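*Asks:* One structure, as structure tokens, below. Some questions next.
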Protein chains: 2
Amino acid sequence: VTSPEGLCSLRWNAQSEAVEVIDQTLLPHSLRWCQLRSLESYCHAISAMQVRGAPLIGITAAFGLAQALARDPSTENLQAASAALLATRPTAVNLRWALAAVVTAVQDLEPASRAGAALAQALQLRARDISNCARMGEHGLDLLRALHRAGPLNIMTHCNAGWLATVEWGTALAPIYKAHAAGIPVHVWVSETRPRNQGMNLTAWELQRAAVPYTIVTDSGCGQLLRSGAIDCVLVGSDRTAANGDVCNKTGTYLKALAARANDIPFYVLLPEATIDWHCASGDDIPIEERDEREVLAVTGVDTTGLRREVMLAGSGARAHNPAFDITPAALVSALVTEHGSFEASPAGLQRLRSQISSSSPI
Amino acid sequence: VTSPEGLCSLRWNAQSEAVEVIDQTLLPHSLRWCQLRSLESYCHAISAMQVRGAPLIGITAAFGLAQALARDPSTENLQAASAALLATRPTAVNLRWALAAVVTAVQDLEPASRAGAALAQALQLRARDISNCARMGEHGLDLLRALHRAGPLNIMTHCNAGWLATVEWGTALAPIYKAHAAGIPVHVWVSETRPRNQGMNLTAWELQRAAVPYTIVTDSGCGQLLRSGAIDCVLVGSDRTAANGDVCNKTGTYLKALAARANDIPFYVLLPEATIDWHCASGDDIPIEERDEREVLAVTGVDTTGLRREVMLAGSGARAHNPAFDITPAALVSALVTEHGSFEASPAGLQRLRSQISSSSPI
């Protein structure tokens, strides 16, 4: 199983003993891989959003913890490194989940065995993410097949939930890649996703490389598109999902869900089980990260000479509010599509998912 | 009656025989007035959005027609100049309305009298816009007073519907200026309004000059704000309003209206009577201007040296869809606030408004 181009967003280089990730802050203007070794470089990569996307954040952190243990396998360092990585982003639950998986795998071992076991665990999380995304893609493809009539299927997405947000395939983009490969004509409406423009910078770049037809639209422009009958369905990812089916995802998701519902358009959320926070009874329990106002007030692009350049958009003295995520109530979600299949976004639907997981897991 | 700072967006300079307008494409980074004399300069000012906002577009066009007649008062030129000005922007009905007012005032006159009569008509439209906006402000202030409890009143707005969009006061911002002057504490949440950022560039600039507290938020971020209970009401303008109360306004208005309704927050549209198109039975009859994709794919700001600079945001080969407006169905509008008072956004409400106009007009 490989993603459309055999590319991935994160790889372990055993020779140099480093994780290699694409610096996503430089896309779409340049594709540069950077090597992560020190705990500081991992923390910076996550908090500065060189890597982003809930699944990829978790996997990156797992490798970061493994490499911190290679330097100092003590219990104190296990705790300190884990805490430092956990503090990089507050919203994505995969981060906590992946770190806990590594801690659980190593905490009862002799210090000398910890680094190796942690690396094995990180590699396993990476492999599992790839297969989970491929399975989400298949389940999502079933939904797309059911919607497909004559002509291209018009799919709207928000932010980036492609292979750049995971390791391969992606979450919301996985069914799109599967449909494209299966010969179902698709056209993707890419919402730019202010303030960091992950739709315009990352999703458009991914789709262009995969030769999937797409058009960028402003976040606001999605409303009229959904009203106009041009869209067959909306596919988005999730950064954290509550036990009642409420979805926390990139700011702007909620408005699309409202417009989809008002116009009877299916709104599907694709997420690995690891994104579900069973401790959050509802979306209102999920902390929403407030990021630097400068992300709104200024923007980086390339000038006519191809040089990266930041320009100030707002006037001097302007202040901004910059919440990174919003909450989409479960009632607006047509289905939650996971590696285990599709489920209703409701307490009952999530309980069914939970039963299916526990009956299938080798305990 | 003068707007908060005695400033206006358009003035007639009788000495130089030119209209002076603020070049709004340079705000908030520099305040530059430019003089319009030739028909070409008027057409360019409107189509390049040096002036924008439905009321201001109409008044600018009226002066443009008057100045075209000063050069050539023939019936052929009256028709040609009127057609050229009408073609600059397809959505705002005020443009058609203001041009028709001038044509009606001069077409039966001797050519020699036309230029003077046209200029008088343009000056009258300008004066009427100022008094209409002041009256809208008072009617809107009544609504704000009714909503005000302890603490600041939190008002969300979109795009720019302030004095930069009219001549003085504005439409949606007029009640805010009136409330601020009346000592009612207000805090304005300014939606940035991609792709041209009229919220961040123009509304924030206006409010800052008037010392009205405000915070900029991305268009997408408005959803969570409306969900969170932080907002008391939404005030927006309208570029064209259909006879059933459907509102065509800057792209992004519809999504705010959906979120306001979902969270029981009043959503008021402020518009002069001239914005109503009695020939449009519903919003679906209103043509929506599709603008250049470059407005989405690139953006202009100032660099660290204060120089204006355009940077490309999207990767090469990216394409965008750029509709300038969207339609908000009447059912989502709490009230239409006009210079004649507040009316229900419905065919019945608009009929009441129409009766009131015809009974009060000196026919």
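Each chain of the structure tokens is named A, B, ... in the order shown, its residues numbered from 1; ligands are numbered from 1 in display order.
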DSSP on the backbone, then: every residue of region 87-200 of chain B marked strand (DSSP E or B), written as a list in words.

*Replies:*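 Residues of region 87-200 of chain B classed as strand (DSSP E or B): Leu153, Asn154, Ile155, Met156, Thr157, His158, Gly162, Gly170, Val186, His187, Val188, Trp189, Val190 and Ser191 of chain B.
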
*Asks:* Go ahead and save the picked residues with N, CA, C and O atoms, as a CSV table (one decimal), in the first residue's frame.

*Replies:*
```
chain,number,residue,atom,x,y,z
B,153,LEU,N,-21.3,46.0,24.1
B,153,LEU,CA,-22.1,45.2,23.1
B,153,LEU,C,-21.2,44.7,22.1
B,153,LEU,O,-20.4,45.5,21.5
B,154,ASN,N,-21.2,43.4,21.9
B,154,ASN,CA,-20.3,42.8,20.9
B,154,ASN,C,-21.0,42.6,19.6
B,154,ASN,O,-22.0,41.8,19.4
B,155,ILE,N,-20.5,43.3,18.6
B,155,ILE,CA,-21.2,43.4,17.3
B,155,ILE,C,-20.2,42.8,16.2
B,155,ILE,O,-19.1,43.2,16.2
B,156,MET,N,-20.7,41.9,15.4
B,156,MET,CA,-19.9,41.4,14.3
B,156,MET,C,-20.3,42.1,13.0
B,156,MET,O,-21.5,42.3,12.8
B,157,THR,N,-19.3,42.4,12.2
B,157,THR,CA,-19.6,42.9,10.9
B,157,THR,C,-18.7,42.2,9.8
B,157,THR,O,-17.8,41.5,10.2
B,158,HIS,N,-19.1,42.4,8.6
B,158,HIS,CA,-18.4,41.8,7.5
B,158,HIS,C,-18.1,42.8,6.4
B,158,HIS,O,-18.9,43.8,6.2
B,162,GLY,N,-19.0,51.0,6.1
B,162,GLY,CA,-18.8,52.2,6.8
B,162,GLY,C,-18.8,53.4,5.9
B,162,GLY,O,-19.3,53.3,4.8
B,170,GLY,N,-21.8,55.6,6.7
B,170,GLY,CA,-21.9,54.2,6.4
B,170,GLY,C,-23.3,53.6,6.5
B,170,GLY,O,-24.2,54.3,6.9
B,186,VAL,N,-19.2,49.7,22.8
B,186,VAL,CA,-19.3,48.7,21.8
B,186,VAL,C,-17.9,48.0,21.5
B,186,VAL,O,-16.9,48.7,21.7
B,187,HIS,N,-17.9,46.8,21.1
B,187,HIS,CA,-16.7,46.1,20.6
B,187,HIS,C,-17.1,45.5,19.3
B,187,HIS,O,-18.0,44.7,19.3
B,188,VAL,N,-16.3,45.8,18.3
B,188,VAL,CA,-16.7,45.3,16.9
B,188,VAL,C,-15.8,44.1,16.5
B,188,VAL,O,-14.5,44.3,16.6
B,189,TRP,N,-16.3,43.0,16.1
B,189,TRP,CA,-15.6,41.9,15.6
B,189,TRP,C,-15.6,42.0,14.1
B,189,TRP,O,-16.6,41.9,13.4
B,190,VAL,N,-14.4,42.3,13.5
B,190,VAL,CA,-14.3,42.6,12.1
B,190,VAL,C,-13.8,41.4,11.3
B,190,VAL,O,-12.7,41.0,11.5
B,191,SER,N,-14.6,40.9,10.5
B,191,SER,CA,-14.3,39.8,9.7
B,191,SER,C,-13.4,40.2,8.5
B,191,SER,O,-13.7,41.2,7.8
```

*Asks:* Up to 6 Å from chain B, what residues of chain A turn up? Count only C-alpha atoms and give them as a PDB file with N, CA and C atoms, in the first residue's frame.

*Replies:*
```
ATOM      1  N   PRO A  28       3.673  25.880  -0.973  1.00  0.00           N
ATOM      2  CA  PRO A  28       3.921  25.082  -2.172  1.00  0.00           C
ATOM      3  C   PRO A  28       5.137  25.574  -2.960  1.00  0.00           C
ATOM      4  N   HIS A  29       5.857  26.554  -2.399  1.00  0.00           N
ATOM      5  CA  HIS A  29       6.889  27.208  -3.210  1.00  0.00           C
ATOM      6  C   HIS A  29       8.191  26.423  -3.261  1.00  0.00           C
ATOM      7  N   MET A 200      -4.937  26.154   0.267  1.00  0.00           N
ATOM      8  CA  MET A 200      -4.263  26.709  -0.918  1.00  0.00           C
ATOM      9  C   MET A 200      -2.823  26.231  -1.029  1.00  0.00           C
ATOM     10  N   ASN A 201      -2.137  26.100   0.113  1.00  0.00           N
ATOM     11  CA  ASN A 201      -0.703  25.770   0.074  1.00  0.00           C
ATOM     12  C   ASN A 201      -0.429  24.269   0.014  1.00  0.00           C
ATOM     13  N   THR A 215     -10.071  23.317  -7.777  1.00  0.00           N
ATOM     14  CA  THR A 215     -10.165  24.772  -7.849  1.00  0.00           C
ATOM     15  C   THR A 215     -10.113  25.301  -6.424  1.00  0.00           C
ATOM     16  N   ILE A 216      -9.316  26.335  -6.219  1.00  0.00           N
ATOM     17  CA  ILE A 216      -9.246  26.976  -4.913  1.00  0.00           C
ATOM     18  C   ILE A 216     -10.406  27.963  -4.780  1.00  0.00           C
ATOM     19  N   VAL A 217     -10.944  28.084  -3.593  1.00  0.00           N
ATOM     20  CA  VAL A 217     -12.001  29.066  -3.329  1.00  0.00           C
ATOM     21  C   VAL A 217     -11.741  29.642  -1.939  1.00  0.00           C
ATOM     22  N   SER A 220     -14.918  31.973   2.585  1.00  0.00           N
ATOM     23  CA  SER A 220     -16.251  32.568   2.492  1.00  0.00           C
ATOM     24  C   SER A 220     -16.995  32.130   1.246  1.00  0.00           C
ATOM     25  N   GLY A 221     -16.264  31.936   0.154  1.00  0.00           N
ATOM     26  CA  GLY A 221     -16.886  31.572  -1.111  1.00  0.00           C
ATOM     27  C   GLY A 221     -17.523  30.193  -1.081  1.00  0.00           C
ATOM     28  N   GLY A 223     -19.718  29.131   0.943  1.00  0.00           N
ATOM     29  CA  GLY A 223     -21.142  29.212   1.274  1.00  0.00           C
ATOM     30  C   GLY A 223     -22.003  29.212   0.022  1.00  0.00           C
ATOM     31  N   GLN A 224     -21.709  30.129  -0.889  1.00  0.00           N
ATOM     32  CA  GLN A 224     -22.499  30.243  -2.107  1.00  0.00           C
ATOM     33  C   GLN A 224     -22.353  28.985  -2.973  1.00  0.00           C
ATOM     34  N   THR A 251     -10.427  25.731  12.042  1.00  0.00           N
ATOM     35  CA  THR A 251     -11.407  26.817  12.018  1.00  0.00           C
ATOM     36  C   THR A 251     -11.979  26.977  10.607  1.00  0.00           C
ATOM     37  N   GLY A 252     -13.300  27.061  10.535  1.00  0.00           N
ATOM     38  CA  GLY A 252     -13.982  27.157   9.246  1.00  0.00           C
ATOM     39  C   GLY A 252     -14.795  25.926   8.915  1.00  0.00           C
ATOM     40  N   LEU A 255     -18.705  26.325   9.761  1.00  0.00           N
ATOM     41  CA  LEU A 255     -19.517  27.091   8.804  1.00  0.00           C
ATOM     42  C   LEU A 255     -19.856  26.246   7.573  1.00  0.00           C
ATOM     43  N   GLY A 301       4.358  34.920   1.195  1.00  0.00           N
ATOM     44  CA  GLY A 301       4.218  34.375  -0.151  1.00  0.00           C
ATOM     45  C   GLY A 301       5.554  34.512  -0.850  1.00  0.00           C
ATOM     46  N   VAL A 302       5.550  34.398  -2.161  1.00  0.00           N
ATOM     47  CA  VAL A 302       6.800  34.638  -2.887  1.00  0.00           C
ATOM     48  C   VAL A 302       6.625  35.851  -3.787  1.00  0.00           C
ATOM     49  N   ASP A 303       7.688  36.652  -3.897  1.00  0.00           N
ATOM     50  CA  ASP A 303       7.615  37.832  -4.759  1.00  0.00           C
ATOM     51  C   ASP A 303       7.930  37.446  -6.196  1.00  0.00           C
ATOM     52  N   VAL A 311       4.524  39.882   4.089  1.00  0.00           N
ATOM     53  CA  VAL A 311       3.998  41.246   4.003  1.00  0.00           C
ATOM     54  C   VAL A 311       2.938  41.427   5.075  1.00  0.00           C
ATOM     55  N   MET A 312       2.862  42.649   5.585  1.00  0.00           N
ATOM     56  CA  MET A 312       1.863  42.995   6.585  1.00  0.00           C
ATOM     57  C   MET A 312       0.585  43.340   5.847  1.00  0.00           C
ATOM     58  N   LEU A 313      -0.510  42.717   6.245  1.00  0.00           N
ATOM     59  CA  LEU A 313      -1.792  43.017   5.603  1.00  0.00           C
ATOM     60  C   LEU A 313      -2.514  44.132   6.343  1.00  0.00           C
ATOM     61  N   ALA A 314      -2.537  44.033   7.664  1.00  0.00           N
ATOM     62  CA  ALA A 314      -3.329  44.971   8.471  1.00  0.00           C
ATOM     63  C   ALA A 314      -2.562  46.267   8.691  1.00  0.00           C
ATOM     64  N   GLY A 315      -3.293  47.299   9.065  1.00  0.00           N
ATOM     65  CA  GLY A 315      -2.676  48.570   9.411  1.00  0.00           C
ATOM     66  C   GLY A 315      -2.003  48.474  10.767  1.00  0.00           C
ATOM     67  N   ARG A 319      -5.373  44.585  15.921  1.00  0.00           N
ATOM     68  CA  ARG A 319      -5.279  43.378  16.738  1.00  0.00           C
ATOM     69  C   ARG A 319      -6.195  42.308  16.155  1.00  0.00           C
ATOM     70  N   ALA A 320      -5.821  41.045  16.349  1.00  0.00           N
ATOM     71  CA  ALA A 320      -6.648  39.960  15.807  1.00  0.00           C
ATOM     72  C   ALA A 320      -6.844  38.840  16.822  1.00  0.00           C
ATOM     73  N   HIS A 321      -7.909  38.101  16.615  1.00  0.00           N
ATOM     74  CA  HIS A 321      -8.248  36.905  17.387  1.00  0.00           C
ATOM     75  C   HIS A 321      -7.987  35.733  16.446  1.00  0.00           C
ATOM     76  N   ASP A 326     -12.424  24.956  15.357  1.00  0.00           N
ATOM     77  CA  ASP A 326     -13.780  25.203  15.820  1.00  0.00           C
ATOM     78  C   ASP A 326     -14.477  23.872  16.061  1.00  0.00           C
TER      79      ASP A 326
END
```

*Asks:* Tell me, as an MDAnalysis selection string, which residues lie within 12 Å of Ala100 (chain B), counting only C-alpha atoms; anything in the same chain fewer than 2 positions away does not count.

*Replies:* chainID B and resid 58:59 61:62 65 78:79 82:83 85:86 93:98 102:107 118 121:122 125 274

*Asks:* Please save N, CA and C atoms of the selected residues as a tab-separated table (two decimals), in the first residue's frame.

*Replies:*
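And here's result.tsv as it stands now:
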```
chain	number	residue	atom	x	y	z
B	58	GLY	N	-22.59	54.13	-6.77
B	58	GLY	CA	-23.68	54.85	-7.45
B	58	GLY	C	-23.39	56.34	-7.55
B	59	ILE	N	-22.95	56.93	-6.44
B	59	ILE	CA	-22.70	58.38	-6.43
B	59	ILE	C	-21.52	58.73	-7.32
B	61	ALA	N	-20.54	57.13	-9.94
B	61	ALA	CA	-20.98	57.01	-11.34
B	61	ALA	C	-21.81	58.22	-11.76
B	62	ALA	N	-22.63	58.75	-10.84
B	62	ALA	CA	-23.45	59.92	-11.17
B	62	ALA	C	-22.56	61.11	-11.51
B	65	LEU	N	-20.95	60.59	-14.93
B	65	LEU	CA	-21.85	60.90	-16.04
B	65	LEU	C	-21.97	62.42	-16.22
B	78	LEU	N	-24.58	60.79	-23.80
B	78	LEU	CA	-25.32	60.45	-22.56
B	78	LEU	C	-25.51	58.94	-22.48
B	79	GLN	N	-25.90	58.36	-23.62
B	79	GLN	CA	-26.13	56.90	-23.62
B	79	GLN	C	-24.82	56.12	-23.51
B	82	SER	N	-23.20	56.50	-19.99
B	82	SER	CA	-24.02	55.78	-19.02
B	82	SER	C	-23.78	54.27	-19.13
B	83	ALA	N	-23.71	53.78	-20.37
B	83	ALA	CA	-23.48	52.35	-20.58
B	83	ALA	C	-22.09	51.94	-20.08
B	85	LEU	N	-20.29	53.33	-17.71
B	85	LEU	CA	-20.26	53.33	-16.25
B	85	LEU	C	-21.05	52.14	-15.69
B	86	LEU	N	-22.17	51.82	-16.34
B	86	LEU	CA	-23.00	50.71	-15.85
B	86	LEU	C	-22.25	49.38	-15.95
B	93	VAL	N	-27.00	47.40	-7.48
B	93	VAL	CA	-28.08	48.00	-8.24
B	93	VAL	C	-28.07	49.52	-8.09
B	94	ASN	N	-27.40	50.02	-7.05
B	94	ASN	CA	-27.32	51.47	-6.87
B	94	ASN	C	-26.68	52.14	-8.08
B	95	LEU	N	-25.77	51.45	-8.72
B	95	LEU	CA	-25.09	51.97	-9.90
B	95	LEU	C	-26.13	52.28	-10.97
B	96	ARG	N	-26.99	51.34	-11.24
B	96	ARG	CA	-28.02	51.51	-12.26
B	96	ARG	C	-29.00	52.62	-11.85
B	97	TRP	N	-29.33	52.59	-10.55
B	97	TRP	CA	-30.31	53.52	-10.00
B	97	TRP	C	-29.79	54.96	-10.08
B	98	ALA	N	-28.54	55.15	-9.70
B	98	ALA	CA	-27.98	56.51	-9.70
B	98	ALA	C	-27.83	57.03	-11.13
B	102	VAL	N	-29.73	60.39	-12.98
B	102	VAL	CA	-29.12	61.47	-13.76
B	102	VAL	C	-29.72	61.53	-15.16
B	103	VAL	N	-29.85	60.37	-15.79
B	103	VAL	CA	-30.41	60.34	-17.15
B	103	VAL	C	-31.81	60.96	-17.16
B	104	THR	N	-32.63	60.58	-16.19
B	104	THR	CA	-33.99	61.12	-16.10
B	104	THR	C	-33.97	62.64	-15.92
B	105	ALA	N	-33.02	63.12	-15.12
B	105	ALA	CA	-32.96	64.55	-14.84
B	105	ALA	C	-32.55	65.38	-16.06
B	106	VAL	N	-31.81	64.77	-16.99
B	106	VAL	CA	-31.25	65.59	-18.07
B	106	VAL	C	-31.74	65.27	-19.48
B	107	GLN	N	-32.35	64.09	-19.68
B	107	GLN	CA	-32.55	63.66	-21.07
B	107	GLN	C	-33.51	64.57	-21.85
B	118	ALA	N	-26.98	67.70	-14.48
B	118	ALA	CA	-26.45	66.40	-14.04
B	118	ALA	C	-25.60	66.56	-12.79
B	121	GLN	N	-27.78	67.05	-9.90
B	121	GLN	CA	-28.38	65.76	-9.50
B	121	GLN	C	-27.38	64.92	-8.72
B	122	ALA	N	-26.13	64.88	-9.18
B	122	ALA	CA	-25.10	64.10	-8.48
B	122	ALA	C	-24.88	64.65	-7.07
B	125	LEU	N	-27.71	63.55	-4.95
B	125	LEU	CA	-27.60	62.13	-4.56
B	125	LEU	C	-26.60	61.99	-3.41
B	274	ALA	N	-32.33	52.60	-2.11
B	274	ALA	CA	-31.78	52.50	-3.47
B	274	ALA	C	-31.14	51.15	-3.76
```

*Asks:* Set the distance at 12 Å and use only C-alpha atoms: which residues neighbour Ala146 (chain B) once local chain neighbours fewer than 6 positions away are removed? I'd like the list as a list of chain:residue names.

*Replies:*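 Surrounding residues, per the criterion: B:His139, B:Gly140, B:Leu153, B:Ala179, B:Ile184, B:Asp232, B:Cys233, B:Pro266.
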
*Asks:* Between CA of Val269 (chain A) and CA of Val333 (chain A), what is the distance in Å, rounded to a tenth?

*Replies:*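 Taking CA of Val269 (chain A) as the start and CA of Val333 (chain A) as the end point, the length is 7.0 Å.
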
*Asks:* For Ala48 (chain B), please output as a PDB file with C-alpha atoms, in the first residue's frame all residues within 10 Å (counting only C-alpha atoms; exclusion window: fewer than 5 positions along the same chain).

*Replies:*
```pdb
ATOM      1  CA  ASP B  23      -8.015  55.487  -3.276  1.00  0.00           C
ATOM      2  CA  GLN B  24      -9.256  52.641  -1.097  1.00  0.00           C
ATOM      3  CA  THR B  25      -6.886  50.107  -2.634  1.00  0.00           C
ATOM      4  CA  TYR B  42     -14.284  57.112 -13.261  1.00  0.00           C
ATOM      5  CA  CYS B  43     -14.690  53.701 -14.893  1.00  0.00           C
ATOM      6  CA  THR B  88     -18.006  48.570 -14.467  1.00  0.00           C
ATOM      7  CA  ARG B  89     -19.634  46.366 -11.817  1.00  0.00           C
TER       8      ARG B  89
END
```

*Asks:* Determine which residues of region 200-283 of chain A receive a DSSP assignment of helix (DSSP H, G or I), computed from the backbone, and state them as a PyMOL selection string.

*Replies:* chain A and resi 200-209+221-227+253-262+273-275+283

*Asks:* Do you know which residues are at most 10 Å from Arg71 (chain A) counting only C-alpha atoms, after dropping those on the same chain fewer than 4 positions away, and could you put them as a short mmCIF file (atom, residue, chain, number, x, y, z; two decimals) with all heavy atoms, in the first residue's frame?

*Replies:*
```cif
data_model
loop_
_atom_site.label_atom_id
_atom_site.label_comp_id
_atom_site.auth_asym_id
_atom_site.auth_seq_id
_atom_site.Cartn_x
_atom_site.Cartn_y
_atom_site.Cartn_z
N SER A 38 17.29 16.23 17.65
CA SER A 38 17.20 16.67 19.05
C SER A 38 15.74 16.87 19.45
O SER A 38 14.87 17.11 18.61
CB SER A 38 17.95 18.00 19.21
OG SER A 38 17.25 19.01 18.52
N LEU A 39 15.50 16.76 20.75
CA LEU A 39 14.16 17.01 21.26
C LEU A 39 13.68 18.41 20.84
O LEU A 39 12.52 18.60 20.47
CB LEU A 39 14.16 16.88 22.79
CG LEU A 39 12.81 17.13 23.48
CD1 LEU A 39 11.76 16.12 23.03
CD2 LEU A 39 12.98 17.11 25.00
N ALA A 66 11.31 8.74 21.24
CA ALA A 66 12.27 7.64 21.06
C ALA A 66 13.70 8.19 20.97
O ALA A 66 14.63 7.65 21.58
CB ALA A 66 11.92 6.84 19.80
N GLN A 67 13.86 9.28 20.24
CA GLN A 67 15.22 9.82 20.10
C GLN A 67 15.71 10.49 21.38
O GLN A 67 16.91 10.48 21.67
CB GLN A 67 15.29 10.76 18.90
CG GLN A 67 15.12 9.96 17.59
CD GLN A 67 15.87 10.57 16.44
OE1 GLN A 67 15.34 11.40 15.72
NE2 GLN A 67 17.13 10.17 16.28
N ASN A 77 13.92 11.56 32.29
CA ASN A 77 13.92 12.10 30.93
C ASN A 77 12.70 11.64 30.14
O ASN A 77 12.17 12.39 29.32
CB ASN A 77 15.20 11.72 30.20
CG ASN A 77 15.38 12.52 28.91
OD1 ASN A 77 15.17 13.71 28.91
ND2 ASN A 77 15.71 11.83 27.82
N ALA A 115 15.21 2.84 24.47
CA ALA A 115 15.29 3.56 23.19
C ALA A 115 14.89 2.66 22.03
O ALA A 115 14.12 3.07 21.14
CB ALA A 115 16.69 4.12 22.98
#
```

*Asks:* In Å, rounded to a single decimal, give me how far CA of Trp163 (chain A) is from CA of Ser355 (chain A).

*Replies:*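 Computing the Euclidean distance for CA of Ser355 (chain A) and CA of Trp163 (chain A) yields 28.6 Å.
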
*Asks:* Counting only C-alpha atoms, which of A:Leu235, A:Val167, A:Ala182, A:Ala54 gets nearest to Ile130 (chain A)?

*Replies:*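 Nearest to Ile130 (chain A): A:Val167.
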
*Asks:* I want to know what sits within 9 Å of region 8-18 of chain A, based on only C-alpha atoms, with residues of the same chain fewer than 5 positions away left out; could you give that as a list in words?

*Replies:*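 In the requested format, the answer is Thr2, Ser3, Gln35, Leu36, Arg37, Val51, Leu56, Ile59, Thr60, Phe63, Gln67, Leu123, Arg126, Trp163, Leu164, Ala165, Thr166, Val167, Glu168 and Trp169 of chain A.
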
*Asks:* Take the residues just selected and output them with N, CA and C atoms as a PDB file, in the first residue's frame.

*Replies:*
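Saved the output as selection09.pdb:
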```
ATOM      1  N   THR A   2       0.812   2.025  -1.050  1.00  0.00           N
ATOM      2  CA  THR A   2       1.520   3.312  -1.034  1.00  0.00           C
ATOM      3  C   THR A   2       0.582   4.405  -1.510  1.00  0.00           C
ATOM      4  N   SER A   3       0.851   5.615  -1.071  1.00  0.00           N
ATOM      5  CA  SER A   3       0.016   6.743  -1.465  1.00  0.00           C
ATOM      6  C   SER A   3       0.251   7.025  -2.938  1.00  0.00           C
ATOM      7  N   GLN A  35      15.881  17.234   8.702  1.00  0.00           N
ATOM      8  CA  GLN A  35      16.175  16.118   9.601  1.00  0.00           C
ATOM      9  C   GLN A  35      15.920  16.533  11.038  1.00  0.00           C
ATOM     10  N   LEU A  36      15.231  15.671  11.759  1.00  0.00           N
ATOM     11  CA  LEU A  36      14.970  15.918  13.183  1.00  0.00           C
ATOM     12  C   LEU A  36      15.765  14.906  14.002  1.00  0.00           C
ATOM     13  N   ARG A  37      16.514  15.413  15.003  1.00  0.00           N
ATOM     14  CA  ARG A  37      17.250  14.526  15.914  1.00  0.00           C
ATOM     15  C   ARG A  37      17.044  14.946  17.365  1.00  0.00           C
ATOM     16  N   VAL A  51       5.596  20.352  10.665  1.00  0.00           N
ATOM     17  CA  VAL A  51       4.669  19.226  10.514  1.00  0.00           C
ATOM     18  C   VAL A  51       3.363  19.624  11.179  1.00  0.00           C
ATOM     19  N   LEU A  56      -0.079  13.129  11.877  1.00  0.00           N
ATOM     20  CA  LEU A  56       1.365  13.316  11.692  1.00  0.00           C
ATOM     21  C   LEU A  56       2.017  13.906  12.944  1.00  0.00           C
ATOM     22  N   ILE A  59       2.669  10.989  15.343  1.00  0.00           N
ATOM     23  CA  ILE A  59       3.770  10.104  14.936  1.00  0.00           C
ATOM     24  C   ILE A  59       5.116  10.809  15.099  1.00  0.00           C
ATOM     25  N   THR A  60       5.162  12.070  14.726  1.00  0.00           N
ATOM     26  CA  THR A  60       6.400  12.838  14.893  1.00  0.00           C
ATOM     27  C   THR A  60       6.807  12.861  16.365  1.00  0.00           C
ATOM     28  N   PHE A  63       8.398   9.585  17.535  1.00  0.00           N
ATOM     29  CA  PHE A  63       9.816   9.488  17.161  1.00  0.00           C
ATOM     30  C   PHE A  63      10.670  10.413  18.016  1.00  0.00           C
ATOM     31  N   GLN A  67      13.862   9.284  20.237  1.00  0.00           N
ATOM     32  CA  GLN A  67      15.220   9.819  20.098  1.00  0.00           C
ATOM     33  C   GLN A  67      15.714  10.494  21.384  1.00  0.00           C
ATOM     34  N   LEU A 123       7.846   3.311  14.904  1.00  0.00           N
ATOM     35  CA  LEU A 123       7.755   2.747  13.547  1.00  0.00           C
ATOM     36  C   LEU A 123       6.433   2.022  13.351  1.00  0.00           C
ATOM     37  N   ARG A 126       3.708   4.519  12.831  1.00  0.00           N
ATOM     38  CA  ARG A 126       3.786   5.027  11.467  1.00  0.00           C
ATOM     39  C   ARG A 126       3.144   4.039  10.488  1.00  0.00           C
ATOM     40  N   TRP A 163      -2.054  13.392   2.529  1.00  0.00           N
ATOM     41  CA  TRP A 163      -0.916  12.619   3.044  1.00  0.00           C
ATOM     42  C   TRP A 163       0.073  13.508   3.777  1.00  0.00           C
ATOM     43  N   LEU A 164       0.020  14.809   3.547  1.00  0.00           N
ATOM     44  CA  LEU A 164       0.880  15.714   4.317  1.00  0.00           C
ATOM     45  C   LEU A 164       0.441  15.812   5.780  1.00  0.00           C
ATOM     46  N   ALA A 165      -0.813  15.477   6.055  1.00  0.00           N
ATOM     47  CA  ALA A 165      -1.333  15.549   7.430  1.00  0.00           C
ATOM     48  C   ALA A 165      -1.210  14.214   8.144  1.00  0.00           C
ATOM     49  N   THR A 166      -0.845  13.178   7.396  1.00  0.00           N
ATOM     50  CA  THR A 166      -0.701  11.837   7.969  1.00  0.00           C
ATOM     51  C   THR A 166       0.695  11.362   7.540  1.00  0.00           C
ATOM     52  N   VAL A 167       0.818  10.129   7.099  1.00  0.00           N
ATOM     53  CA  VAL A 167       2.102   9.706   6.529  1.00  0.00           C
ATOM     54  C   VAL A 167       1.899   9.465   5.031  1.00  0.00           C
ATOM     55  N   GLU A 168       0.894   8.657   4.714  1.00  0.00           N
ATOM     56  CA  GLU A 168       0.517   8.461   3.317  1.00  0.00           C
ATOM     57  C   GLU A 168      -1.010   8.585   3.217  1.00  0.00           C
ATOM     58  N   TRP A 169      -1.521   8.775   2.015  1.00  0.00           N
ATOM     59  CA  TRP A 169      -2.953   8.814   1.730  1.00  0.00           C
ATOM     60  C   TRP A 169      -3.704  10.010   2.296  1.00  0.00           C
TER      61      TRP A 169
END
```
